[in-house]
file model_34.tsv (TSV, C-alpha atoms)
chain	number	residue	atom	x	y	z
L	225	MET	CA	7.07	2.70	6.32
L	226	THR	CA	6.03	-0.93	6.19
L	227	ARG	CA	7.17	-3.69	8.49
L	228	ARG	CA	9.87	-4.59	6.00
L	229	ALA	CA	13.22	-3.22	7.11
L	230	ARG	CA	14.50	-2.62	3.60
L	231	ALA	CA	11.54	-0.31	2.95
L	232	LEU	CA	13.46	2.27	4.95
L	233	ALA	CA	15.84	2.75	2.06
L	234	VAL	CA	13.52	2.10	-0.87
L	235	ALA	CA	14.70	3.32	-4.23
L	236	ALA	CA	12.26	5.76	-5.78
L	237	ALA	CA	11.85	3.67	-8.90
L	238	VAL	CA	8.68	5.49	-9.84
L	239	ALA	CA	9.60	8.86	-8.38
L	240	VAL	CA	7.96	10.78	-11.21
L	241	LEU	CA	5.08	9.02	-12.93
L	242	ALA	CA	4.94	11.63	-15.62
L	243	GLY	CA	1.73	10.90	-17.47
L	244	CYS	CA	2.63	7.37	-18.45
L	245	THR	CA	-0.18	4.96	-19.09
L	246	SER	CA	-1.08	2.14	-21.38
L	247	THR	CA	-4.11	0.66	-22.94
L	248	LEU	CA	-6.38	-2.14	-22.09
L	249	ASP	CA	-7.40	-3.97	-25.23
L	250	GLY	CA	-11.14	-3.88	-24.74
L	251	THR	CA	-11.50	-5.85	-21.52
L	252	ALA	CA	-10.56	-5.77	-17.89
L	253	SER	CA	-10.16	-9.54	-17.77
L	254	PRO	CA	-6.74	-11.21	-17.96
L	255	ALA	CA	-5.90	-12.16	-21.53
L	256	SER	CA	-5.60	-15.88	-22.21
L	257	THR	CA	-2.83	-15.34	-24.77
L	258	PRO	CA	-0.25	-12.54	-25.04
L	259	GLU	CA	-1.52	-9.51	-26.88
L	260	PRO	CA	0.68	-7.39	-29.13
L	261	THR	CA	1.84	-4.04	-27.86
L	262	PRO	CA	-0.93	-1.51	-28.58
L	263	GLU	CA	-0.25	0.99	-31.33
L	264	PRO	CA	-0.45	4.62	-30.26
L	265	SER	CA	-3.22	6.65	-31.81
L	266	PRO	CA	-2.42	10.01	-33.37
L	267	SER	CA	-1.87	12.82	-30.89
L	268	THR	CA	-4.95	14.85	-30.15
L	269	SER	CA	-5.44	18.45	-29.17
L	270	ALA	CA	-4.80	19.80	-25.69
L	271	PRO	CA	-6.69	18.01	-22.92
L	272	GLN	CA	-10.27	19.12	-22.50
L	273	THR	CA	-11.88	19.54	-19.10
L	274	THR	CA	-15.55	19.16	-18.35
L	275	GLU	CA	-17.37	21.35	-15.88
L	276	PRO	CA	-19.60	19.09	-13.79
L	277	ASP	CA	-23.22	19.15	-14.92
L	278	ILE	CA	-24.11	16.77	-12.10
L	279	ASP	CA	-24.35	17.35	-8.38
L	280	VAL	CA	-20.86	16.36	-7.26
L	281	ILE	CA	-21.02	15.26	-3.63
L	282	PRO	CA	-18.47	17.22	-1.62
L	283	PRO	CA	-15.83	15.13	0.15
L	284	PRO	CA	-15.78	14.86	3.94
L	285	ALA	CA	-13.73	17.36	5.92
L	286	ARG	CA	-10.08	16.35	6.25
L	287	GLY	CA	-9.65	14.19	9.31
L	288	VAL	CA	-9.03	10.70	10.62
L	289	GLY	CA	-12.08	9.39	8.73
L	290	LEU	CA	-10.29	9.89	5.41
L	291	LEU	CA	-7.38	7.76	6.63
L	292	LEU	CA	-9.74	5.06	7.85
L	293	GLU	CA	-11.47	5.00	4.47
L	294	ALA	CA	-8.06	4.82	2.77
L	295	HIS	CA	-7.24	1.80	4.94
L	296	ARG	CA	-10.52	0.23	3.75
L	297	ILE	CA	-9.46	0.87	0.15
L	298	ALA	CA	-6.13	-0.86	0.86
L	299	SER	CA	-8.07	-4.12	1.09
L	300	VAL	CA	-9.18	-3.84	-2.55
L	301	THR	CA	-6.00	-2.38	-4.06
L	302	ALA	CA	-4.38	-5.05	-6.22
L	303	LEU	CA	-1.24	-6.61	-4.78
L	304	VAL	CA	1.42	-6.24	-7.46
L	305	GLU	CA	3.11	-9.50	-6.43
L	306	THR	CA	-0.13	-11.38	-7.12
L	307	SER	CA	-0.15	-10.20	-10.73
L	308	PHE	CA	3.64	-10.26	-11.18
L	309	PRO	CA	5.39	-12.64	-8.75
L	310	ASP	CA	8.83	-11.45	-9.88
L	311	ARG	CA	8.17	-7.93	-8.48
L	312	THR	CA	9.09	-8.69	-4.89
L	313	GLU	CA	10.72	-5.43	-3.74
L	314	PRO	CA	8.77	-2.46	-2.36
L	315	CYS	CA	9.09	0.89	-4.09
L	316	PHE	CA	7.82	4.44	-3.82
L	317	PRO	CA	5.07	5.65	-3.73
L	318	SER	CA	2.66	3.52	-1.73
L	319	GLY	CA	0.12	3.80	1.06
L	320	PRO	CA	-2.70	6.26	1.84
L	321	ALA	CA	-3.21	9.61	0.12
L	322	THR	CA	-5.97	11.82	1.49
L	323	THR	CA	-5.67	14.99	-0.63
L	324	ALA	CA	-5.81	15.62	-4.36
L	325	ASP	CA	-2.66	17.73	-4.14
L	326	GLY	CA	-0.89	14.91	-2.34
L	327	ILE	CA	-1.89	12.48	-5.09
L	328	GLU	CA	-0.61	14.81	-7.79
L	329	GLY	CA	2.66	15.58	-6.03
L	330	THR	CA	3.41	11.90	-5.49
L	331	TYR	CA	2.04	10.06	-8.51
L	332	PHE	CA	1.77	12.56	-11.37
L	333	THR	CA	3.38	15.59	-12.97
L	334	ARG	CA	2.46	18.85	-11.30
L	335	GLY	CA	-0.55	20.48	-12.90
L	336	THR	CA	-2.02	17.30	-14.37
L	337	ALA	CA	-4.22	15.70	-11.70
L	338	ALA	CA	-5.18	17.72	-8.62
L	339	ASP	CA	-7.71	19.99	-10.36
L	340	VAL	CA	-9.33	17.02	-12.07
L	341	LEU	CA	-9.66	15.07	-8.85
L	342	GLU	CA	-10.98	18.03	-6.86
L	343	ARG	CA	-13.53	18.87	-9.55
L	344	TRP	CA	-14.95	15.35	-9.42
L	345	GLY	CA	-15.14	15.06	-5.66
L	346	PHE	CA	-11.96	13.19	-4.68
L	347	VAL	CA	-12.30	11.52	-1.26
L	348	THR	CA	-9.19	9.43	-0.55
L	349	ALA	CA	-6.92	6.75	-2.05
L	350	TRP	CA	-4.47	3.92	-1.48
L	351	GLY	CA	-1.51	2.84	-3.64
L	352	GLN	CA	0.80	-0.18	-3.91
L	353	CYS	CA	4.23	-0.32	-5.60
L	354	ASN	CA	6.59	-3.23	-6.23
L	355	GLN	CA	9.60	-3.68	-8.48
L	356	THR	CA	11.86	-6.47	-9.68
L	357	ALA	CA	14.81	-7.37	-7.46
L	358	ASP	CA	17.24	-5.61	-9.78
L	359	GLY	CA	15.04	-2.50	-10.00
L	360	THR	CA	14.60	-2.81	-13.78
L	361	TYR	CA	10.80	-2.79	-13.85
L	362	ALA	CA	8.16	-1.44	-11.49
L	363	THR	CA	4.39	-1.74	-11.26
L	364	LEU	CA	2.09	0.53	-9.30
L	365	THR	CA	-1.60	0.19	-8.52
L	366	LEU	CA	-3.64	3.08	-7.13
L	367	VAL	CA	-7.34	3.21	-6.24
L	368	MET	CA	-9.01	6.62	-5.90
L	369	GLU	CA	-12.48	7.24	-4.49
L	370	LEU	CA	-14.59	9.92	-6.23
L	371	SER	CA	-18.00	11.55	-5.74
L	372	ASP	CA	-20.17	9.10	-7.70
L	373	PRO	CA	-19.97	6.70	-10.67
L	374	GLU	CA	-20.47	9.40	-13.31
L	375	SER	CA	-17.79	11.55	-11.72
L	376	ALA	CA	-15.42	8.58	-11.75
L	377	VAL	CA	-15.97	8.11	-15.49
L	378	GLN	CA	-15.33	11.79	-16.19
L	379	ALA	CA	-12.25	11.90	-13.95
L	380	ALA	CA	-10.72	8.84	-15.64
L	381	GLU	CA	-11.15	10.37	-19.09
L	382	GLU	CA	-9.66	13.71	-18.05
L	383	LEU	CA	-6.73	12.13	-16.25
L	384	VAL	CA	-5.80	10.18	-19.36
L	385	ALA	CA	-5.90	13.33	-21.48
L	386	ALA	CA	-3.85	15.30	-18.95
L	387	GLN	CA	-1.11	12.65	-18.83
L	388	ALA	CA	-0.57	12.63	-22.62
L	389	ILE	CA	2.71	14.58	-22.29
L	390	ASP	CA	6.46	14.00	-22.43
L	391	GLY	CA	6.19	11.40	-25.19
L	392	TYR	CA	3.20	9.50	-23.82
L	393	GLU	CA	0.43	8.98	-26.34
L	394	GLU	CA	-3.15	7.88	-25.96
L	395	VAL	CA	-3.99	4.43	-27.22
L	396	PRO	CA	-7.46	3.08	-27.99
L	397	VAL	CA	-9.34	1.25	-25.30
L	398	ALA	CA	-12.79	-0.30	-25.69
L	399	THR	CA	-14.06	0.52	-22.22
L	400	ASP	CA	-14.65	3.53	-19.98
L	401	GLY	CA	-11.54	5.44	-19.06
L	402	GLY	CA	-8.47	5.06	-21.21
L	403	ALA	CA	-4.75	4.52	-21.46
L	404	LEU	CA	-1.38	5.82	-22.64
L	405	LEU	CA	1.80	4.24	-23.92
L	406	LEU	CA	5.48	5.15	-24.03
L	407	GLN	CA	7.72	2.73	-25.90
L	408	ASP	CA	11.51	2.81	-25.60
L	409	GLY	CA	13.10	0.17	-27.78
L	410	ALA	CA	12.21	-3.27	-26.44
L	411	ASP	CA	10.61	-1.82	-23.30
L	412	ALA	CA	7.34	-0.02	-22.74
L	413	THR	CA	5.67	1.97	-20.01
L	414	VAL	CA	1.92	1.59	-19.87
L	415	GLN	CA	-0.70	3.22	-17.71
L	416	ALA	CA	-4.46	2.91	-17.45
L	417	PHE	CA	-7.33	4.69	-15.72
L	418	VAL	CA	-10.49	2.62	-15.39
L	419	PRO	CA	-13.63	3.65	-13.46
L	420	VAL	CA	-15.43	1.02	-11.37
L	421	GLY	CA	-18.44	2.49	-9.61
L	422	ARG	CA	-17.24	5.46	-7.55
L	423	MET	CA	-13.62	4.31	-7.81
L	424	VAL	CA	-10.94	5.00	-10.41
L	425	ALA	CA	-8.32	2.27	-10.75
L	426	TYR	CA	-4.94	3.48	-11.97
L	427	VAL	CA	-2.10	1.19	-13.08
L	428	PHE	CA	1.47	2.15	-13.97
L	429	HIS	CA	3.47	-0.72	-15.43
L	430	GLU	CA	6.98	-1.08	-16.88
L	431	GLY	CA	8.04	-4.16	-18.81
L	432	PRO	CA	8.95	-5.66	-22.18
L	433	ALA	CA	6.99	-4.04	-25.00
L	434	ALA	CA	5.99	-7.39	-26.48
L	435	ALA	CA	4.05	-8.28	-23.33
L	436	ALA	CA	2.53	-4.86	-22.63
L	437	GLY	CA	-1.03	-5.69	-23.71
L	438	ASP	CA	-1.15	-8.95	-21.79
L	439	ASP	CA	0.48	-7.46	-18.71
L	440	ILE	CA	-1.88	-4.51	-18.39
L	441	ALA	CA	-4.91	-6.74	-18.96
L	442	ARG	CA	-3.72	-9.09	-16.23
L	443	VAL	CA	-3.23	-6.48	-13.52
L	444	LEU	CA	-6.41	-4.63	-14.44
L	445	GLY	CA	-8.31	-7.89	-14.32
L	446	ASP	CA	-7.05	-8.45	-10.80
L	447	GLN	CA	-7.79	-4.86	-9.79
L	448	VAL	CA	-11.27	-4.58	-11.29
L	449	GLY	CA	-12.24	-7.94	-9.78
L	450	LEU	CA	-11.42	-6.63	-6.30
L	451	LEU	CA	-13.30	-3.37	-6.80
L	452	GLN	CA	-16.47	-5.00	-8.07
L	453	GLY	CA	-17.15	-6.34	-4.59
L	454	PHE	CA	-16.33	-3.10	-2.73
L	455	THR	CA	-18.83	-0.61	-1.32
L	456	PRO	CA	-17.27	2.79	-0.56
L	457	THR	CA	-18.46	4.59	2.56
L	458	PRO	CA	-21.03	7.34	1.87
L	459	GLN	CA	-19.30	10.69	2.21
L	460	ALA	CA	-21.45	11.78	5.15
L	461	ASP	CA	-20.53	8.63	7.07
L	462	VAL	CA	-16.75	8.80	6.60
L	463	PRO	CA	-16.09	10.96	9.72
L	464	ALA	CA	-17.92	8.36	11.84
L	465	LEU	CA	-15.91	5.32	10.70
L	466	PRO	CA	-14.79	3.33	13.76
L	467	THR	CA	-11.25	4.17	14.83
L	468	ASP	CA	-10.80	0.94	16.79
L	469	PRO	CA	-13.07	-1.78	15.36
L	470	ASP	CA	-11.11	-4.64	16.95
L	471	GLY	CA	-10.50	-3.08	20.36
L	472	LEU	CA	-6.70	-3.08	19.93
L	473	GLN	CA	-5.81	0.62	19.96
L	474	ALA	CA	-5.27	0.91	23.72
L	475	MET	CA	-3.23	-2.32	23.69
L	476	THR	CA	-0.83	-0.89	21.09
L	477	LEU	CA	2.03	1.15	22.54
L	478	ASP	CA	2.39	4.79	21.48
L	479	PRO	CA	5.89	5.02	19.96
L	480	PRO	CA	7.96	8.20	20.25
L	481	GLY	CA	7.54	10.97	17.70
L	482	ASP	CA	4.74	11.88	15.30
L	483	PHE	CA	2.39	9.25	13.93
L	484	ASN	CA	2.31	8.77	10.16
L	485	ASP	CA	-0.65	7.86	7.96
L	486	PHE	CA	0.03	4.11	8.03
L	487	SER	CA	-1.14	4.11	11.66
L	488	GLY	CA	-4.56	2.65	12.44
L	489	PRO	CA	-6.66	-0.50	12.10
L	490	TYR	CA	-6.60	-2.90	9.15
L	491	ASP	CA	-8.70	-5.92	8.29
L	492	PHE	CA	-6.95	-9.06	7.04
L	493	GLU	CA	-6.74	-8.03	3.38
L	494	GLY	CA	-5.68	-4.51	4.37
L	495	TYR	CA	-2.96	-5.90	6.61
L	496	LEU	CA	-1.52	-7.85	3.68
L	497	ARG	CA	-0.94	-4.51	1.91
L	498	VAL	CA	1.54	-3.52	4.64
L	499	ALA	CA	2.93	-7.02	5.24
L	500	ILE	CA	6.54	-8.03	4.64
L	501	ASP	CA	5.63	-10.99	2.44
L	502	PRO	CA	1.90	-11.01	1.55
L	503	ALA	CA	1.89	-14.55	0.15
L	504	ARG	CA	3.61	-16.22	3.10
L	505	GLU	CA	1.74	-14.16	5.67
L	506	ARG	CA	-1.62	-14.84	4.02
L	507	GLN	CA	-0.96	-18.52	4.55
L	508	LEU	CA	0.43	-18.19	8.10
L	509	LEU	CA	-2.12	-15.75	9.52
L	510	GLY	CA	-5.06	-17.06	7.52
L	511	ALA	CA	-4.51	-20.56	8.88
L	512	ASN	CA	-4.32	-19.36	12.48
L	513	GLY	CA	-7.47	-17.44	13.24
L	514	PHE	CA	-6.42	-13.84	12.53
L	515	THR	CA	-9.13	-11.63	14.06
L	516	GLY	CA	-7.64	-8.14	14.22
L	517	PHE	CA	-4.63	-5.87	13.67
L	518	TYR	CA	-3.68	-2.37	14.78
L	519	ALA	CA	-0.51	-0.44	13.87
L	520	LYS	CA	1.14	2.72	15.15
L	521	GLN	CA	4.05	4.10	13.14
L	522	SER	CA	6.00	7.27	13.85
L	523	ASP	CA	9.03	9.37	13.03
L	524	GLU	CA	11.27	11.24	15.45
L	525	GLY	CA	14.12	12.96	13.67
L	526	ASP	CA	16.11	10.20	11.95
L	527	ALA	CA	14.49	7.51	14.10
L	528	LEU	CA	11.58	5.40	12.84
L	529	TYR	CA	9.22	3.31	14.94
L	530	ALA	CA	6.49	0.77	14.24
L	531	VAL	CA	4.37	-1.02	16.84
L	532	ALA	CA	1.73	-3.59	15.86
L	533	VAL	CA	-0.68	-5.82	17.75
L	534	TYR	CA	-2.34	-8.90	16.24
L	535	ARG	CA	-5.17	-10.90	17.76
L	536	PHE	CA	-5.87	-14.58	17.07
L	537	GLY	CA	-8.58	-17.01	18.07
L	538	THR	CA	-6.65	-19.23	20.51
L	539	VAL	CA	-3.38	-19.36	22.44
L	540	ASP	CA	-2.18	-22.18	20.19
L	541	GLN	CA	-2.81	-20.04	17.10
L	542	THR	CA	-0.90	-17.13	18.64
L	543	ASN	CA	2.02	-19.43	19.38
L	544	ALA	CA	1.95	-20.80	15.84
L	545	VAL	CA	2.23	-17.32	14.35
L	546	TYR	CA	4.87	-16.29	16.94
L	547	ASN	CA	7.02	-19.23	15.87
L	548	GLY	CA	6.14	-18.68	12.22
L	549	PHE	CA	7.39	-15.11	12.31
L	550	ARG	CA	10.54	-16.23	14.14
L	551	GLU	CA	11.30	-18.60	11.27
L	552	LEU	CA	10.35	-16.17	8.50
L	553	GLU	CA	12.55	-13.40	9.91
L	554	THR	CA	15.66	-15.53	9.52
L	555	THR	CA	14.80	-17.60	6.44
L	556	ALA	CA	12.86	-15.15	4.28
L	557	PHE	CA	13.17	-11.62	5.63
L	558	GLY	CA	16.95	-11.54	6.08
L	559	GLY	CA	17.12	-10.75	9.79
L	560	THR	CA	20.07	-11.54	12.06
L	561	PRO	CA	18.94	-12.79	15.51
L	562	PHE	CA	20.11	-11.00	18.65
L	563	VAL	CA	19.40	-11.26	22.38
L	564	LEU	CA	17.67	-8.25	23.90
L	565	PRO	CA	18.88	-7.61	27.44
L	566	ALA	CA	15.43	-6.54	28.69
L	567	ILE	CA	13.65	-9.72	27.46
L	568	PRO	CA	16.27	-12.33	26.50
L	569	ALA	CA	13.64	-14.88	25.38
L	570	ALA	CA	12.01	-12.55	22.82
L	571	PRO	CA	12.67	-13.28	19.15
L	572	CYS	CA	14.67	-10.23	18.03
L	573	PHE	CA	16.29	-9.46	14.69
L	574	VAL	CA	18.45	-6.72	13.25
L	575	PHE	CA	18.68	-5.65	9.61
L	576	ASP	CA	21.26	-3.64	7.73
L	577	ALA	CA	19.22	-0.87	6.09
L	578	GLY	CA	22.22	0.47	4.15
L	579	ASP	CA	24.12	3.75	4.37
L	580	GLY	CA	25.25	2.95	7.90
L	581	ALA	CA	21.70	2.56	9.27
L	582	PHE	CA	20.22	-0.43	11.10
L	583	TYR	CA	16.74	-1.61	11.95
L	584	GLN	CA	15.59	-3.84	14.83
L	585	ARG	CA	12.40	-5.89	15.23
L	586	CYS	CA	11.27	-7.91	18.28
L	587	TYR	CA	8.16	-9.94	19.14
L	588	VAL	CA	6.25	-10.63	22.35
L	589	GLY	CA	3.09	-12.68	22.82
L	590	PHE	CA	0.48	-13.22	25.52
L	591	ARG	CA	-2.58	-15.45	25.27
L	592	THR	CA	-4.36	-14.52	22.01
L	593	PHE	CA	-2.24	-11.40	21.36
L	594	LEU	CA	1.01	-11.02	19.46
L	595	ALA	CA	2.93	-7.76	19.24
L	596	SER	CA	5.90	-6.56	17.22
L	597	VAL	CA	8.08	-3.52	17.90
L	598	ASP	CA	10.37	-1.99	15.28
L	599	VAL	CA	13.10	0.58	15.88
L	600	GLY	CA	14.79	2.06	12.81
L	601	GLY	CA	17.36	4.72	12.01
L	602	LEU	CA	19.97	3.24	14.34
L	603	THR	CA	23.66	3.87	13.69
L	604	ALA	CA	24.79	0.68	15.47
L	605	PRO	CA	23.18	-2.77	15.29
L	606	ASP	CA	23.64	-3.36	19.02
L	607	ASP	CA	22.13	-0.09	20.24
L	608	TYR	CA	19.34	-1.57	22.38
L	609	THR	CA	18.43	1.58	24.31
L	610	ARG	CA	15.03	2.19	22.72
L	611	MET	CA	14.08	-1.45	22.24
L	612	ASN	CA	14.89	-2.16	25.90
L	613	GLU	CA	12.31	0.50	26.82
L	614	LEU	CA	9.61	-0.20	24.24
L	615	LEU	CA	9.36	-3.99	24.14
L	616	PRO	CA	8.72	-4.46	27.90
L	617	ALA	CA	6.19	-1.61	27.81
L	618	GLN	CA	4.37	-3.29	24.91
L	619	ARG	CA	4.44	-6.66	26.67
L	620	ASP	CA	2.83	-5.10	29.72
L	621	LEU	CA	0.00	-3.65	27.61
L	622	ILE	CA	-1.03	-7.00	26.10
L	623	ALA	CA	-0.57	-8.82	29.41
L	624	ASP	CA	-2.89	-6.55	31.44
call {"tool": "encode", "arguments": {"input": "model_34.tsv", "output": "structure tokens"}}
result
Amino acid sequence: MTRRARALAVAAAVAVLAGCTSTLDGTASPASTPEPTPEPSPSTSAPQTTEPDIDVIPPPARGVGLLLEAHRIASVTALVETSFPDRTEPCFPSGPATTADGIEGTYFTRGTAADVLERWGFVTAWGQCNQTADGTYATLTLVMELSDPESAVQAAEELVAAQAIDGYEEVPVATDGGALLLQDGADATVQAFVPVGRMVAYVFHEGPAAAAGDDIARVLGDQVGLLQGFTPTPQADVPALPTDPDGLQAMTLDPPGDFNDFSGPYDFEGYLRVAIDPARERQLLGANGFTGFYAKQSDEGDALYAVAVYRFGTVDQTNAVYNGFRELETTAFGGTPFVLPAIPAAPCFVFDAGDGAFYQRCYVGFRTFLASVDVGGLTAPDDYTRMNELLPAQRDLIAD
């Protein structure tokens, strides 16, 4: 669940990414002119697997460190809207994935990815998904951390071969890794797996066939550029990653229910991967001294909760963002203002999440801290019971 209310009822536009990938025409840099749609190469024999002849470094034990590393990877996972500004709506899947089986069950056809990832020392991953407003086309970016650079190369090659099913065919690519293509009339689905150091960048992209080559080059150029400056945490150090680097955990209210994997700290770039509108919020928060962010998200039956605390450099900067969010909620995010009985002065908004469900969001600020509280899964827009409890409790935490 992101902070965007409509993410509660996201259409699973990429529910089954059944081995669909496309080719990069020899470079991971954006093409200056549109490239023709790549021509599929003849089908090859069944996918071949390679037993590691290198010392694959075992991944860390499953634990909070894997989630923290996934949140680090979020910062260098390409934002789809940056590459394709028309893809403004969130879609499924997205967020952290800390097991190879979880990756396979969410992003790929069963039996085509988990064994490959486990064999080459999968650590953790983060994915982003956005689609066009009408749901016609979707793009997904996924970054997976492997044992070492050689393992990443081998994993990329085997993942391409394993996805060459259900009409998807390998296409030539003049770089490590590879790609697949499925063309359906004027449209094409392309996918690519490209190793960058210990990381494997994966892109799933739907769009017009005539632009397929240019499109995949553009998003891979954005993705590879981000990864080239990233240093993954050594496996032995992952369990010791700091759980509260900005000192905000204790100031963030524990919502009811069970925490989900989006909970935890994010740096500025990581925060933008869970933001409502990355472009607008980059400008607003970046201009006002953003110095830290911590989120806690949970589920309790049909109810959904999200609590977040931001820290800024000065009181004036906090107030600027407080007022900026108030404006964005009504002008860009589609919220309807309401007055919360417990704190009448708080900016509060309600959203129609569809299917008879509603979602509320309120803000409170104190000195250099700004907090938001979300309550979802409501059956009436004016059911303030939970928000009346949570928002004052969160205000007290940042005011102490």
call {"tool": "atom_distance", "arguments": {"input": "model_34.tsv", "atom1": "CA of Pro282 in chain L", "atom2": "CA of Phe346 in chain L"}}
result
8.2 Å
call {"tool": "closest_residue", "arguments": {"input": "model_34.tsv", "among": "L:Thr592, L:Thr413, L:Gln521, L:Thr330", "to": "Pro479 in chain L", "atoms": "all atoms listed in the file"}}
result
L:Gln521
call {"tool": "residues_around", "arguments": {"input": "model_34.tsv", "residues": "range 368-383 of chain L", "least_positions_apart": "3", "cutoff": "8 Å", "atoms": "all atoms listed in the file", "output": "ChimeraX atom specification"}}
result
/L:271-274,280-283,336-337,340-341,344-350,386-387,400-402,417-426,456
call {"tool": "closest_residue", "arguments": {"input": "model_34.tsv", "among": "L:Glu505, L:Lys520, L:Phe582, L:Arg535", "to": "Glu553 in chain L", "atoms": "all atoms listed in the file"}}
result
L:Glu505
call {"tool": "residues_around", "arguments": {"input": "model_34.tsv", "residues": "Leu291 in chain L", "least_positions_apart": "2", "cutoff": "7 Å", "atoms": "all atoms listed in the file", "output": "ChimeraX atom specification"}}
result
/L:288-289,293-295,320,322,485
call {"tool": "residues_around", "arguments": {"input": "model_34.tsv", "residues": "range 563-577 of chain L", "least_positions_apart": "3", "cutoff": "6 Å", "atoms": "all atoms listed in the file", "output": "list in words"}}
result
Arg230, Gly559, Thr560, Ala581, Phe582, Tyr583, Gln584, Arg585, Cys586, Tyr587 and Asn612 of chain L
call {"tool": "write_last_selection", "arguments": {"input": "model_34.tsv", "atoms": "C-alpha atoms", "output": "compact mmCIF listing (two decimals), in the coordinates of the input"}}
result
# COMPACT_ATOMS: atom_id res chain seq x y z
CA ARG L 230 14.50 -2.62 3.60
CA GLY L 559 17.12 -10.75 9.79
CA THR L 560 20.07 -11.54 12.06
CA ALA L 581 21.70 2.56 9.27
CA PHE L 582 20.22 -0.43 11.10
CA TYR L 583 16.74 -1.61 11.95
CA GLN L 584 15.59 -3.84 14.83
CA ARG L 585 12.40 -5.89 15.23
CA CYS L 586 11.27 -7.91 18.28
CA TYR L 587 8.16 -9.94 19.14
CA ASN L 612 14.89 -2.16 25.90
call {"tool": "atom_distance", "arguments": {"input": "model_34.tsv", "atom1": "CA of Leu509 in chain L", "atom2": "CA of Arg296 in chain L"}}
result
19.0 Å
call {"tool": "closest_residue", "arguments": {"input": "model_34.tsv", "among": "L:Pro480, L:Gly431, L:Gly516, L:Pro284", "to": "Leu528 in chain L", "atoms": "all atoms listed in the file"}}
result
L:Pro480
call {"tool": "closest_residue", "arguments": {"input": "model_34.tsv", "among": "L:Ala436, L:Ile327, L:Ala302, L:Ala617", "to": "Cys353 in chain L", "atoms": "all atoms listed in the file"}}
result
L:Ala302
call {"tool": "residues_around", "arguments": {"input": "model_34.tsv", "residues": "Ala527 in chain L", "least_positions_apart": "6", "cutoff": "8 Å", "atoms": "all atoms listed in the file", "output": "list in words"}}
result
Val599, Gly600, Gly601 and Leu602 of chain L
call {"tool": "atom_distance", "arguments": {"input": "model_34.tsv", "atom1": "CA of Leu594 in chain L", "atom2": "CA of Asp607 in chain L"}}
result
23.8 Å
call {"tool": "residues_around", "arguments": {"input": "model_34.tsv", "residues": "Thr363 in chain L", "least_positions_apart": "2", "cutoff": "12 Å", "atoms": "all atoms listed in the file", "output": "ChimeraX atom specification"}}
result
/L:237-238,241,244-245,302-318,351-356,359-361,365-366,412-416,426-431,436,439-440,443-444
call {"tool": "closest_residue", "arguments": {"input": "model_34.tsv", "among": "L:Glu493, L:Phe549, L:Arg610, L:Tyr534", "to": "Gln473 in chain L", "atoms": "only C-alpha atoms"}}
result
L:Tyr534
call {"tool": "closest_residue", "arguments": {"input": "model_34.tsv", "among": "L:Ala357, L:Val384, L:Ala530, L:Ala595", "to": "Val545 in chain L", "atoms": "all atoms listed in the file"}}
result
L:Ala595
